[in-house]
Structures are given as structure tokens and as C-alpha cells.
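Source file run_8.txt; content: compact mmCIF, C-alpha atoms.
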```txt
# COMPACT_ATOMS: atom_id res chain seq x y z
CA MET A 666 56.96 102.69 106.48
CA LYS A 667 57.58 100.93 103.18
CA ILE A 668 59.73 103.81 102.04
CA LEU A 669 61.75 103.66 105.23
CA ALA A 670 62.39 99.94 104.79
CA LEU A 671 63.38 100.49 101.19
CA THR A 672 65.76 103.30 102.17
CA LEU A 673 67.35 101.08 104.82
CA ILE A 674 67.86 98.29 102.31
CA LEU A 675 69.42 100.73 99.88
CA ILE A 676 71.74 102.17 102.53
CA SER A 677 72.90 98.73 103.66
CA ALA A 678 73.45 97.71 100.05
CA THR A 679 75.74 100.67 99.39
CA ALA A 680 77.56 100.23 102.70
CA SER A 681 78.26 96.54 102.04
CA HIS A 682 80.21 97.41 98.90
CA ALA A 683 83.46 97.38 100.95
CA GLN A 684 83.66 93.97 102.55
CA GLU A 685 84.14 93.42 106.25
CA ILE A 686 87.04 91.14 107.16
CA ASN A 687 85.78 88.21 109.20
CA MET A 688 87.81 86.08 111.58
CA ILE A 689 88.52 82.43 110.78
CA SER A 690 89.74 79.79 113.20
CA LEU A 691 92.58 77.46 112.21
CA GLU A 692 90.08 74.58 112.29
CA SER A 693 87.78 76.33 109.80
CA LEU A 694 90.71 77.30 107.61
CA ASN A 695 91.80 73.65 107.50
CA LYS A 696 88.24 72.70 106.50
CA LEU A 697 88.32 75.31 103.76
CA ILE A 698 91.64 73.91 102.49
CA GLU A 699 90.41 70.31 102.58
CA SER A 700 86.85 70.82 101.29
CA PRO A 701 86.38 69.32 97.82
CA ASP A 702 85.97 71.89 95.08
CA LYS A 703 85.70 71.57 91.32
CA LYS A 704 87.79 74.70 90.99
CA LEU A 705 91.35 75.54 91.99
CA LYS A 706 91.66 77.28 95.37
CA VAL A 707 94.29 80.00 95.69
CA ILE A 708 94.92 80.88 99.33
CA ASN A 709 97.24 83.84 99.83
CA PHE A 710 98.80 84.58 103.23
CA TRP A 711 99.59 88.25 103.85
CA ALA A 712 99.69 91.02 106.43
CA SER A 713 99.08 94.76 106.28
CA TRP A 714 102.71 95.48 107.29
CA CYS A 715 104.20 93.23 104.55
CA ARG A 716 105.04 95.39 101.55
CA PRO A 717 105.68 92.59 99.01
CA CYS A 718 102.34 91.08 100.09
CA ILE A 719 100.46 94.31 99.34
CA MET A 720 102.26 94.67 96.02
CA GLU A 721 101.13 91.26 94.77
CA MET A 722 97.52 91.63 95.98
CA PRO A 723 96.21 93.08 92.69
CA HIS A 724 97.70 90.10 90.77
CA PHE A 725 95.65 87.73 92.92
CA GLU A 726 92.53 89.87 92.62
CA ALA A 727 92.98 89.77 88.82
CA ILE A 728 92.92 85.96 88.64
CA ASP A 729 90.25 84.64 86.27
CA LYS A 730 87.47 83.62 88.70
CA THR A 731 86.18 80.99 86.30
CA LYS A 732 89.49 79.19 86.83
CA ALA A 733 90.02 79.66 90.56
CA THR A 734 88.57 80.92 93.83
CA VAL A 735 90.86 83.35 95.63
CA TYR A 736 91.06 83.72 99.40
CA PHE A 737 93.20 86.29 101.19
CA ILE A 738 94.14 85.21 104.71
CA THR A 739 95.62 88.02 106.76
CA LEU A 740 98.02 87.14 109.56
CA ASP A 741 97.66 90.55 111.16
CA HIS A 742 97.11 90.63 114.88
CA PRO A 743 93.34 90.84 115.58
CA GLN A 744 93.94 94.29 117.10
CA ASP A 745 95.25 95.44 113.71
CA ILE A 746 92.18 94.38 111.74
CA ALA A 747 91.50 98.03 110.79
CA LYS A 748 94.94 98.21 109.09
CA ALA A 749 94.12 95.11 107.08
CA GLN A 750 90.70 96.55 106.28
CA ARG A 751 92.32 99.71 104.87
CA MET A 752 94.57 97.67 102.55
CA VAL A 753 91.56 95.69 101.32
CA GLU A 754 89.67 98.89 100.55
CA LYS A 755 92.68 100.61 98.98
CA ASN A 756 93.22 97.69 96.61
CA GLY A 757 89.50 97.18 95.89
CA ILE A 758 89.62 93.53 96.96
CA LYS A 759 86.36 91.70 96.23
CA SER A 760 87.65 88.18 96.90
CA LYS A 761 87.06 86.78 100.36
CA VAL A 762 89.39 88.21 103.03
CA LEU A 763 89.69 86.49 106.40
CA LEU A 764 91.81 87.13 109.49
CA LEU A 765 93.34 84.01 110.99
CA ASP A 766 92.33 83.94 114.64
CA GLU A 767 95.12 81.74 116.07
CA LYS A 768 97.76 83.12 118.41
CA ASP A 769 100.24 80.23 118.14
CA ALA A 770 102.18 80.98 114.94
CA ASP A 771 104.21 77.76 115.09
CA LYS A 772 100.97 75.77 115.31
CA TYR A 773 99.28 77.33 112.29
CA ILE A 774 102.43 77.54 110.15
CA THR A 775 103.15 73.83 110.49
CA ALA A 776 99.43 72.96 110.18
CA ILE A 777 99.01 74.90 106.94
CA ASN A 778 102.16 73.52 105.35
CA GLU A 779 105.10 71.59 106.77
CA ASP A 780 107.46 73.27 104.27
CA TRP A 781 106.48 76.80 105.29
CA SER A 782 109.23 78.53 107.28
CA GLY A 783 106.86 81.37 108.21
CA ALA A 784 108.06 83.97 105.71
CA ILE A 785 105.35 85.93 103.92
CA PRO A 786 104.09 86.39 101.28
CA ALA A 787 103.19 82.73 100.87
CA THR A 788 100.49 81.05 98.81
CA LEU A 789 98.81 77.66 98.94
CA PHE A 790 97.22 76.31 95.76
CA VAL A 791 94.78 73.40 96.12
CA ASP A 792 93.82 71.85 92.80
CA ALA A 793 90.47 70.21 91.94
CA ARG A 794 91.93 66.82 92.92
CA GLY A 795 92.79 68.16 96.38
CA ARG A 796 96.54 68.23 95.75
CA LYS A 797 98.46 71.06 97.37
CA TYR A 798 101.25 73.26 96.08
CA PHE A 799 102.91 75.68 98.47
CA HIS A 800 104.99 78.65 97.38
CA GLU A 801 106.83 80.75 99.96
CA LYS A 802 107.53 83.74 97.73
CA ALA A 803 106.20 86.90 96.11
CA PHE A 804 104.71 86.57 92.63
CA ASP A 805 104.74 88.90 89.68
CA LYS A 806 101.65 88.86 87.48
CA PRO A 807 102.80 86.58 84.62
CA GLU A 808 104.30 84.06 87.03
CA LEU A 809 101.09 83.85 89.05
CA GLU A 810 99.01 83.53 85.88
CA ASN A 811 101.22 80.65 84.74
CA TYR A 812 100.74 78.77 88.02
CA VAL A 813 96.97 79.35 87.94
CA LYS A 814 96.87 78.06 84.36
CA LYS A 815 98.94 75.01 85.26
CA TYR A 816 97.21 74.06 88.51
CA SER A 817 93.68 74.75 87.20
CA SER A 818 94.34 72.27 84.39
CA TYR A 819 94.82 69.48 86.98
CA ASN A 820 91.20 68.46 87.38
CA LYS A 821 91.10 64.70 86.79
CA MET E 433 131.79 49.20 74.23
CA LYS E 434 130.66 52.45 72.69
CA ARG E 435 127.04 51.57 73.49
CA THR E 436 127.76 50.77 77.12
CA PHE E 437 129.55 54.08 77.42
CA LEU E 438 126.58 55.91 75.93
CA ILE E 439 124.13 54.16 78.26
CA ILE E 440 126.23 54.97 81.29
CA THR E 441 126.58 58.61 80.22
CA GLY E 442 122.83 58.74 79.65
CA LEU E 443 122.14 57.34 83.10
CA LEU E 444 124.53 59.80 84.70
CA VAL E 445 122.76 62.70 83.00
CA VAL E 446 119.39 61.44 84.23
CA VAL E 447 120.73 61.07 87.78
CA ALA E 448 122.24 64.56 87.60
CA ILE E 449 118.94 66.08 86.44
CA LEU E 450 116.95 64.28 89.15
CA PHE E 451 119.43 65.40 91.76
CA THR E 452 119.35 69.05 90.66
CA ASN E 453 115.55 69.10 90.63
CA ALA E 454 115.29 67.55 94.05
CA SER E 455 117.73 69.97 95.63
CA SER E 456 116.43 73.15 94.01
CA ASP E 457 112.93 72.57 95.41
CA GLU E 458 113.95 72.06 99.00
CA ILE E 459 115.22 74.70 101.32
CA GLN E 460 118.72 73.72 102.33
CA GLY E 461 120.17 74.69 105.65
CA TYR E 462 120.91 73.56 109.15
CA GLN E 463 118.75 71.35 111.30
CA VAL E 464 119.09 71.27 115.07
CA GLY E 465 122.11 69.05 115.81
CA ASP E 466 124.11 70.14 112.78
CA TYR E 467 127.42 71.97 113.10
CA ALA E 468 127.33 75.58 111.90
CA THR E 469 130.06 77.16 109.86
CA ASP E 470 132.07 80.12 111.09
CA PHE E 471 132.08 83.21 108.88
CA ASN E 472 134.03 86.37 108.24
CA LEU E 473 131.61 89.23 107.58
CA LYS E 474 131.91 93.00 107.67
CA ASN E 475 130.52 94.81 110.69
CA VAL E 476 129.04 98.32 110.80
CA ASP E 477 132.40 99.52 112.18
CA ASP E 478 134.06 98.25 108.95
CA LYS E 479 135.93 95.51 110.83
CA MET E 480 135.53 91.86 109.94
CA VAL E 481 133.85 89.60 112.52
CA SER E 482 134.12 85.82 112.96
CA LEU E 483 132.86 83.49 115.67
CA SER E 484 136.51 82.59 116.28
CA ASN E 485 137.05 86.21 117.45
CA TYR E 486 135.26 85.24 120.67
CA PRO E 487 137.56 82.72 122.37
CA SER E 488 135.77 82.99 125.73
CA ALA E 489 132.21 82.71 124.36
CA LYS E 490 130.26 79.61 125.35
CA GLY E 491 128.00 80.00 122.36
CA PHE E 492 126.17 82.50 120.18
CA ILE E 493 122.73 83.85 119.44
CA VAL E 494 123.01 84.36 115.67
CA ILE E 495 120.07 86.43 114.39
CA PHE E 496 119.34 87.11 110.72
CA THR E 497 117.56 90.45 110.86
CA CYS E 498 117.32 93.72 108.96
CA ASN E 499 116.43 97.41 109.03
CA THR E 500 113.29 97.23 106.94
CA CYS E 501 111.05 94.35 108.06
CA PRO E 502 108.30 95.53 110.45
CA TYR E 503 108.58 92.23 112.32
CA ALA E 504 112.33 92.66 112.72
CA LYS E 505 111.77 96.20 113.95
CA ALA E 506 109.22 94.96 116.45
CA TYR E 507 111.90 92.64 117.82
CA GLU E 508 114.76 95.16 117.77
CA GLN E 509 114.62 96.10 121.46
CA ARG E 510 114.22 92.46 122.45
CA ILE E 511 117.35 91.59 120.46
CA ILE E 512 119.28 94.34 122.28
CA ASP E 513 117.95 93.02 125.62
CA LEU E 514 118.95 89.45 124.73
CA HIS E 515 122.53 90.59 124.14
CA LYS E 516 122.61 92.62 127.38
CA MET E 517 121.32 89.66 129.31
CA TYR E 518 123.41 86.87 127.76
CA GLU E 519 126.66 88.45 126.54
CA PRO E 520 128.01 88.63 130.14
CA LYS E 521 127.08 84.96 130.52
CA GLY E 522 128.98 83.95 127.39
CA PHE E 523 126.24 84.01 124.72
CA PRO E 524 126.57 87.24 122.69
CA VAL E 525 124.15 88.18 119.92
CA ILE E 526 125.61 88.34 116.40
CA ALA E 527 123.18 90.05 114.01
CA ILE E 528 123.47 89.43 110.28
CA ASN E 529 121.61 91.42 107.63
CA PRO E 530 121.06 89.10 104.64
CA ASN E 531 119.04 91.38 102.34
CA ASP E 532 120.32 92.42 98.91
CA PRO E 533 120.50 96.26 99.06
CA SER E 534 119.70 96.54 95.34
CA GLN E 535 116.23 95.18 96.19
CA SER E 536 115.95 96.69 99.64
CA ALA E 537 117.77 100.03 99.70
CA GLY E 538 117.04 100.48 103.40
CA ASP E 539 119.34 97.52 104.17
CA SER E 540 122.56 98.96 102.71
CA MET E 541 125.67 99.12 104.87
CA GLU E 542 125.20 102.90 105.20
CA GLU E 543 121.63 102.46 106.43
CA MET E 544 122.79 99.71 108.81
CA LYS E 545 125.40 102.07 110.23
CA THR E 546 122.77 104.75 110.80
CA ARG E 547 120.27 102.37 112.41
CA SER E 548 122.79 100.67 114.68
CA SER E 549 124.29 103.95 115.92
CA GLU E 550 120.86 105.56 116.47
CA ARG E 551 119.73 102.57 118.51
CA ASN E 552 123.12 101.91 120.14
CA TYR E 553 123.35 98.26 119.09
CA PRO E 554 125.64 96.65 121.66
CA PHE E 555 126.29 93.69 119.32
CA PRO E 556 127.93 93.38 115.89
CA TYR E 557 125.61 93.99 112.94
CA LEU E 558 127.11 92.28 109.90
CA ARG E 559 126.31 92.29 106.19
CA ASP E 560 126.20 89.01 104.29
CA ASP E 561 126.80 90.53 100.88
CA VAL E 562 127.46 87.22 99.13
CA GLN E 563 124.48 85.62 100.94
CA ASP E 564 126.38 82.32 101.21
CA ILE E 565 126.26 82.28 105.02
CA THR E 566 122.52 82.97 104.96
CA ALA E 567 122.09 80.11 102.50
CA ALA E 568 124.36 77.77 104.50
CA TYR E 569 122.40 78.41 107.71
CA GLY E 570 119.12 78.08 105.84
CA ALA E 571 117.70 81.38 107.04
CA THR E 572 114.56 82.19 105.07
CA LYS E 573 113.19 85.25 106.82
CA THR E 574 113.89 88.10 109.18
CA PRO E 575 114.09 87.75 112.10
CA HIS E 576 115.38 84.15 112.13
CA VAL E 577 117.42 82.91 115.10
CA PHE E 578 120.07 80.18 115.38
CA VAL E 579 121.35 79.43 118.89
CA LEU E 580 124.82 77.86 118.68
CA ASN E 581 126.63 76.05 121.48
CA LYS E 582 130.42 75.99 121.33
CA GLU E 583 131.68 72.50 122.04
CA ALA E 584 135.06 71.58 123.50
CA SER E 585 136.22 70.76 119.98
CA LYS E 586 135.58 74.46 119.09
CA LYS E 587 132.76 73.41 116.84
CA TYR E 588 129.46 75.27 116.87
CA LYS E 589 126.46 73.03 117.30
CA VAL E 590 123.00 74.32 116.32
CA GLU E 591 120.76 73.83 119.36
CA TYR E 592 117.72 75.97 118.55
CA ILE E 593 116.24 77.44 115.35
CA GLY E 594 113.40 79.86 114.87
CA ALA E 595 111.42 82.48 116.74
CA ILE E 596 112.56 84.71 119.61
CA ASP E 597 109.28 84.34 121.51
CA ASP E 598 105.59 83.76 120.89
CA SER E 599 104.49 87.40 120.72
CA PRO E 600 105.76 89.33 117.69
CA ARG E 601 103.53 92.32 118.30
CA GLU E 602 104.10 93.07 121.98
CA ALA E 603 107.10 92.02 124.05
CA ALA E 604 104.98 92.24 127.19
CA ASP E 605 102.49 89.65 125.85
CA ALA E 606 105.11 86.93 125.36
CA SER E 607 104.29 83.85 127.38
CA GLU E 608 107.02 81.66 125.90
CA LYS E 609 110.53 83.09 125.41
CA TYR E 610 112.06 80.40 123.23
CA VAL E 611 115.57 81.84 122.82
CA GLU E 612 115.93 82.66 126.53
CA SER E 613 114.80 79.17 127.48
CA ALA E 614 117.21 77.60 124.99
CA VAL E 615 120.21 79.62 126.20
CA ASN E 616 119.30 79.09 129.87
CA ALA E 617 119.21 75.34 129.26
CA LEU E 618 122.62 75.39 127.54
CA LEU E 619 124.10 77.52 130.36
CA SER E 620 123.02 74.90 132.86
CA GLY E 621 124.55 72.15 130.75
CA LYS E 622 121.25 70.84 129.39
CA LYS E 623 119.73 70.61 125.94
CA PRO E 624 116.89 73.00 125.11
CA THR E 625 113.49 71.31 125.46
CA VAL E 626 112.02 73.38 122.63
CA LYS E 627 114.41 73.05 119.69
CA GLU E 628 112.44 74.68 116.91
CA LYS E 629 109.59 77.19 116.74
CA ARG E 630 108.42 78.87 113.59
CA ALA E 631 107.20 82.43 113.37
CA ILE E 632 105.96 84.78 110.69
CA GLY E 633 108.62 87.02 109.20
CA CYS E 634 109.69 88.89 106.06
CA THR E 635 111.08 86.95 103.14
CA ILE E 636 114.82 87.44 102.66
CA LYS E 637 115.55 89.60 99.61
CA TRP E 638 117.82 87.32 97.58
CA LYS E 639 119.99 88.60 94.76
CA ASP E 640 118.62 87.85 91.33
CA ALA E 641 120.14 84.57 90.21
```

Can you give me the file's structure in the form of C-alpha cells?
Amino acid sequence: MKILALTLILISATASHAQEINMISLESLNKLIESPDKKLKVINFWASWCRPCIMEMPHFEAIDKTKATVYFITLDHPQDIAKAQRMVEKNGIKSKVLLLDEKDADKYITAINEDWSGAIPATLFVDARGRKYFHEKAFDKPELENYVKKYSSYNK
Amino acid sequence: MKRTFLIITGLLVVVAILFTNASSDEIQGYQVGDYATDFNLKNVDDKMVSLSNYPSAKGFIVIFTCNTCPYAKAYEQRIIDLHKMYEPKGFPVIAINPNDPSQSAGDSMEEMKTRSSERNYPFPYLRDDVQDITAAYGATKTPHVFVLNKEASKKYKVEYIGAIDDSPREAADASEKYVESAVNALLSGKKPTVKEKRAIGCTIKWKDA
């Protein structure tokens, strides 16, 4: 019996190595954005069909986690969650990945940032003081590192 | 005298810097109610197309779209249907591909010709090589729609900006057809009730500055 339990624990531990994408409501996403944090939050909006989004994913995954917490929010249709899941596995993403469960695009785009036209990739940085910086563009690695360095220094 | 001159010059420089910074951060472009510029862009049949080529049109459905964006492709048939439905009523679709082919090879004029003939586009499919029309309209993504109403003065007033409908994935799931509603309102002499709706789309591939 003990052995069985141990085996089960081991199996589940190996299986959980690829993360499952969970759904997040717009309300919870707003809470995540607004919740106070001593660290910079980097919230990247992407979709499995968006090539420039997939190309910049590794740059976000490579961010120094002592400086910032990275969240990947996929805007894929809930029916396409498996496609998003494949991209997460292919790129070995360990940071939290969530699928935004809100049908009304106009509602969430304007709620997340008034300046966002809806083009992706797009990234919201929230510094330790709660100030927000929105970038509707694709990043290369050095550019992203520079922004992380800059925004993570704003902590007072 | 010399000092006053220096101070004034200094102030002007400061104002110029502030102004440049302010404008480079914001996305410029049309708001609903603005007048849109006409253009003269090359079509897939190698002829130039302008809004002024359509003397009998009551308005236009100008759509910035492309060959390569999955969202634009998802809307392709709906764009064809919009033209078939509204061109006879005086609101033709004019499609403009804004993407720089050096960054998106699939959006070259040759590729546009192939795509539009394969799919029998019934509307012009133009290339904005200089990207100045795209910038003037303030298009930021594909697909991005601007519904224009031609006024008696032959000016083109922007009456709706944004999404085609509320269901990018499946045409059949659309519960709100924003462009149809806007054009229907204009055809009956009214203003659209929904003037702006944002949607997800692909970033426009701008030329390197």
C-alpha cells in the first residue's frame, strides 16, 4: 500500500513537470495587475497563432526572476487551449501561463490598458510602486532586458 | 539683446523636445468624426486606386488587412461577404495591405496577387508601400476597419473604427456585427450607435526607421 502511494506521488510529480494552463477571469486578472508586489510584474499577452509572440517568449522566460515575476496571458480561444499548451511545452515555459476567459475583446482590451489597440504581442509592466507601463510591440532580448532593468529599479 | 535671443532659442529648443517626445509616444491617427484623406495606391491589377475613382459611392469600408495574419485570414471570407453585400448599396470594401514585405515576405505584391486571385477578391487589394496612409489613418493591426461616409462636400468622414464583429474565430458565433450595423445606420441616414470596438489583431510590420 505504502509503495503504491509512493509510486503515485512519483508519477504525479513527473507528470506535473509540464504545467497545465489555467483559465483566468478578467476580474482576477485585474486583481493580479493591481495587487501590491515588492517585485516588478511583467505580464505578456500572446496567442498560439501569433508568430512574433512565440518568437519573443524565450526572452520573457529568461528574465531574471529575482528582478521580476513573469506571467504569460494567452488570448487564444478557450477551444484552442491545446494549441497554447503545445507552445508552452515547446518553449519550456516555467513561468505562470493563464488563458483569459473573457469573450468580449473590446471589454478586456480597454480594461487592461486604454492605450492598447488590440495588436499583439503586447506587454504590461507593473513596477513595485504599482505604476504601469504598456508596450504594444514585440521585443528583442536586449530591449526587454533594458526595460526590466529600468522598471525593476523603480521601487520607492 | 544677445542674452534675450539665447533665452528664447533655449526655450524654443525645450518646447521642440517636449513636443517631439509627446508625439512619438502616442499613436497618431483618426478618431471617429475626423475627415479621412484620399489616397492613390497600387492595386493587385497594377492600376492605381483612389477613393475619388468611385463617384457614385456613398462611402467606403476601408480595411487594413494582409495575407499572413491568422486573424486576418479568419476574417477573409467575411470581408468578401461585406463587399458583396454593401458594394451594390454604395459602400464598397477597399482592402489595404500595410505590411513591409522585407519583414513579412508573404505580404509582397506578388503574394497579394496570388492570394487575391485564388480567393477571387471582388474588391481592390492595395499595397501601402510608403506606409504613410496606414500612419495617417492610425491603423495599428490587421484586420483594422475604418468605415467612411462620403459627405455632400466630397469629404470622407470617419464614422466607425475597429473590429468587424465580436467573433474572430467563427463567423457563425458572431452576435454583434459592428461594421454591418455601422453601414446599415449610415445607409438609413443615421449615425452608427457603436462607433468604436477594439479587437485582437496582428501588429503591423513597419519599415525599420

| field | Contact residues around Lys821 in chain A with all atoms listed in the file at 10 Å, ignoring same-chain residues under 6 positions, as an MDAnalysis selection string | value | chainID A and resid 703 792:794

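When all atoms listed in the file are used to measure the gap to Asn778 in chain A, the shortest distance among E:Ala641, E:Glu542, E:Ser607, E:Arg630 belongs to E:Arg630.
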
Using all atoms listed in the file, find each residue of chain A with at least one atom at most 9 Å away from an atom of chain E; report its shortest atom-to-atom pair and that distance in Å (one decimal), sort the rows by chain and rising residue number, and return the result as CSV.
```
residue,atom,partner,partner_atom,distance
A:Trp714,CA,E:Pro502,CA,6.4
A:Cys715,CA,E:Cys634,CA,7.2
A:Arg716,CA,E:Cys501,CA,8.9
A:Pro717,CA,E:Thr635,CA,8.8
A:Leu740,CA,E:Ile632,CA,8.4
A:His742,CA,E:Arg601,CA,7.5
A:Lys768,CA,E:Asp598,CA,8.2
A:Asp769,CA,E:Asp598,CA,7.0
A:Ala770,CA,E:Ala631,CA,5.5
A:Asp771,CA,E:Arg630,CA,4.6
A:Lys772,CA,E:Arg630,CA,8.3
A:Ile774,CA,E:Arg630,CA,7.0
A:Thr775,CA,E:Arg630,CA,7.9
A:Asp780,CA,E:Ile459,CA,8.4
A:Trp781,CA,E:Arg630,CA,8.8
A:Ser782,CA,E:Arg630,CA,6.4
A:Gly783,CA,E:Ile632,CA,4.3
A:Ala784,CA,E:Gly633,CA,4.7
A:Ile785,CA,E:Cys634,CA,5.7
A:Pro786,CA,E:Thr635,CA,7.3
A:Glu801,CA,E:Thr635,CA,8.2
A:Lys802,CA,E:Thr635,CA,7.2
A:Ala803,CA,E:Thr635,CA,8.6
```

| message | Need to verify the contact set: Val525 in chain E, 9 Å, all atoms listed in the file, exclusion of same-chain residues closer than 2 positions in sequence. Can you return it as a ChimeraX atom specification? | response | /E:492-495,511-512,514-516,518-519,523,527,554-556

Kindly export the residues of the current selection with C-alpha atoms, as a compact mmCIF listing (two decimals), keeping the file's coordinate frame.
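The file below, again38.txt, is the result:
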```txt
# COMPACT_ATOMS: atom_id res chain seq x y z
CA PHE E 492 126.17 82.50 120.18
CA ILE E 493 122.73 83.85 119.44
CA VAL E 494 123.01 84.36 115.67
CA ILE E 495 120.07 86.43 114.39
CA ILE E 511 117.35 91.59 120.46
CA ILE E 512 119.28 94.34 122.28
CA LEU E 514 118.95 89.45 124.73
CA HIS E 515 122.53 90.59 124.14
CA LYS E 516 122.61 92.62 127.38
CA TYR E 518 123.41 86.87 127.76
CA GLU E 519 126.66 88.45 126.54
CA PHE E 523 126.24 84.01 124.72
CA ALA E 527 123.18 90.05 114.01
CA PRO E 554 125.64 96.65 121.66
CA PHE E 555 126.29 93.69 119.32
CA PRO E 556 127.93 93.38 115.89
```

| request: Find the residues near Leu764 in chain A: any atom within 12 Å, counting all atoms listed in the file, skip ones fewer than 6 places away on the same chain, and give them as JSON, numbers by chain. | output: {"A": [685, 686, 687, 688, 689, 690, 691, 693, 694, 709, 710, 711, 712, 713, 736, 737, 738, 739, 740, 741, 742, 743, 744, 745, 746, 747, 748, 749, 750, 753]}

Take the residues from that selection and put them in a file with C-alpha atoms, as a short mmCIF file (atom, residue, chain, number, x, y, z; two decimals), in the frame of the given file.
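And here is the file that came out, selection.cif:
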```
data_model
loop_
_atom_site.label_atom_id
_atom_site.label_comp_id
_atom_site.auth_asym_id
_atom_site.auth_seq_id
_atom_site.Cartn_x
_atom_site.Cartn_y
_atom_site.Cartn_z
CA GLU A 685 84.14 93.42 106.25
CA ILE A 686 87.04 91.14 107.16
CA ASN A 687 85.78 88.21 109.20
CA MET A 688 87.81 86.08 111.58
CA ILE A 689 88.52 82.43 110.78
CA SER A 690 89.74 79.79 113.20
CA LEU A 691 92.58 77.46 112.21
CA SER A 693 87.78 76.33 109.80
CA LEU A 694 90.71 77.30 107.61
CA ASN A 709 97.24 83.84 99.83
CA PHE A 710 98.80 84.58 103.23
CA TRP A 711 99.59 88.25 103.85
CA ALA A 712 99.69 91.02 106.43
CA SER A 713 99.08 94.76 106.28
CA TYR A 736 91.06 83.72 99.40
CA PHE A 737 93.20 86.29 101.19
CA ILE A 738 94.14 85.21 104.71
CA THR A 739 95.62 88.02 106.76
CA LEU A 740 98.02 87.14 109.56
CA ASP A 741 97.66 90.55 111.16
CA HIS A 742 97.11 90.63 114.88
CA PRO A 743 93.34 90.84 115.58
CA GLN A 744 93.94 94.29 117.10
CA ASP A 745 95.25 95.44 113.71
CA ILE A 746 92.18 94.38 111.74
CA ALA A 747 91.50 98.03 110.79
CA LYS A 748 94.94 98.21 109.09
CA ALA A 749 94.12 95.11 107.08
CA GLN A 750 90.70 96.55 106.28
CA VAL A 753 91.56 95.69 101.32
#
```

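Each of E:Asp478, E:Asp605, E:Asp470, E:Glu543 was compared to Tyr569 in chain E using all atoms listed in the file, and E:Asp470 turns out to be the nearest.
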
| Contacts of Leu809 in chain A at 10 Å (only C-alpha atoms; same-chain gap of 4+ positions) as an NGL selection string | :A and (721 or 724-725 or 728 or 803-805 or 813-815)

| Just how far from CA of Asp597 in chain E is CA of Ile777 in chain A, in Å to one decimal? | 20.2 Å

Reconstructed N, CA and C atoms for range 786-808 of chain A, given as a CSV table (one decimal), keeping the file's coordinate frame:
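As a result, out35.csv now contains:
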```
chain,number,residue,atom,x,y,z
A,786,PRO,N,105.3,87.1,101.7
A,786,PRO,CA,104.1,86.4,101.3
A,786,PRO,C,104.3,84.9,101.0
A,787,ALA,N,103.2,84.2,101.2
A,787,ALA,CA,103.2,82.7,100.9
A,787,ALA,C,101.8,82.4,100.3
A,788,THR,N,101.8,81.4,99.4
A,788,THR,CA,100.5,81.0,98.8
A,788,THR,C,100.3,79.5,98.7
A,789,LEU,N,99.1,79.1,99.1
A,789,LEU,CA,98.8,77.7,98.9
A,789,LEU,C,97.8,77.5,97.8
A,790,PHE,N,98.1,76.6,96.8
A,790,PHE,CA,97.2,76.3,95.8
A,790,PHE,C,96.7,74.9,96.1
A,791,VAL,N,95.4,74.7,96.0
A,791,VAL,CA,94.8,73.4,96.1
A,791,VAL,C,94.0,73.1,94.8
A,792,ASP,N,94.5,72.1,94.1
A,792,ASP,CA,93.8,71.8,92.8
A,792,ASP,C,92.5,71.1,93.0
A,793,ALA,N,91.8,70.9,91.9
A,793,ALA,CA,90.5,70.2,91.9
A,793,ALA,C,90.6,68.8,92.4
A,794,ARG,N,91.8,68.2,92.4
A,794,ARG,CA,91.9,66.8,92.9
A,794,ARG,C,92.3,66.8,94.4
A,795,GLY,N,92.4,68.0,95.0
A,795,GLY,CA,92.8,68.2,96.4
A,795,GLY,C,94.3,68.2,96.6
A,796,ARG,N,95.1,68.2,95.6
A,796,ARG,CA,96.5,68.2,95.8
A,796,ARG,C,97.0,69.7,96.1
A,797,LYS,N,98.0,69.7,96.9
A,797,LYS,CA,98.5,71.1,97.4
A,797,LYS,C,99.8,71.4,96.8
A,798,TYR,N,100.0,72.7,96.6
A,798,TYR,CA,101.2,73.3,96.1
A,798,TYR,C,101.5,74.5,96.9
A,799,PHE,N,102.6,74.5,97.6
A,799,PHE,CA,102.9,75.7,98.5
A,799,PHE,C,104.1,76.5,97.9
A,800,HIS,N,103.9,77.8,97.9
A,800,HIS,CA,105.0,78.6,97.4
A,800,HIS,C,105.3,79.8,98.4
A,801,GLU,N,106.5,79.7,99.0
A,801,GLU,CA,106.8,80.8,100.0
A,801,GLU,C,107.6,81.8,99.2
A,802,LYS,N,106.9,82.7,98.6
A,802,LYS,CA,107.5,83.7,97.7
A,802,LYS,C,106.5,84.8,97.3
A,803,ALA,N,107.1,85.9,96.7
A,803,ALA,CA,106.2,86.9,96.1
A,803,ALA,C,106.1,86.6,94.6
A,804,PHE,N,104.9,86.8,94.1
A,804,PHE,CA,104.7,86.6,92.6
A,804,PHE,C,104.6,87.9,91.8
A,805,ASP,N,105.1,87.8,90.6
A,805,ASP,CA,104.7,88.9,89.7
A,805,ASP,C,103.6,88.4,88.9
A,806,LYS,N,102.9,89.2,88.1
A,806,LYS,CA,101.6,88.9,87.5
A,806,LYS,C,101.8,87.7,86.5
A,807,PRO,N,102.7,87.7,85.6
A,807,PRO,CA,102.8,86.6,84.6
A,807,PRO,C,103.1,85.2,85.3
A,808,GLU,N,103.9,85.3,86.3
A,808,GLU,CA,104.3,84.1,87.0
A,808,GLU,C,103.1,83.5,87.7
```
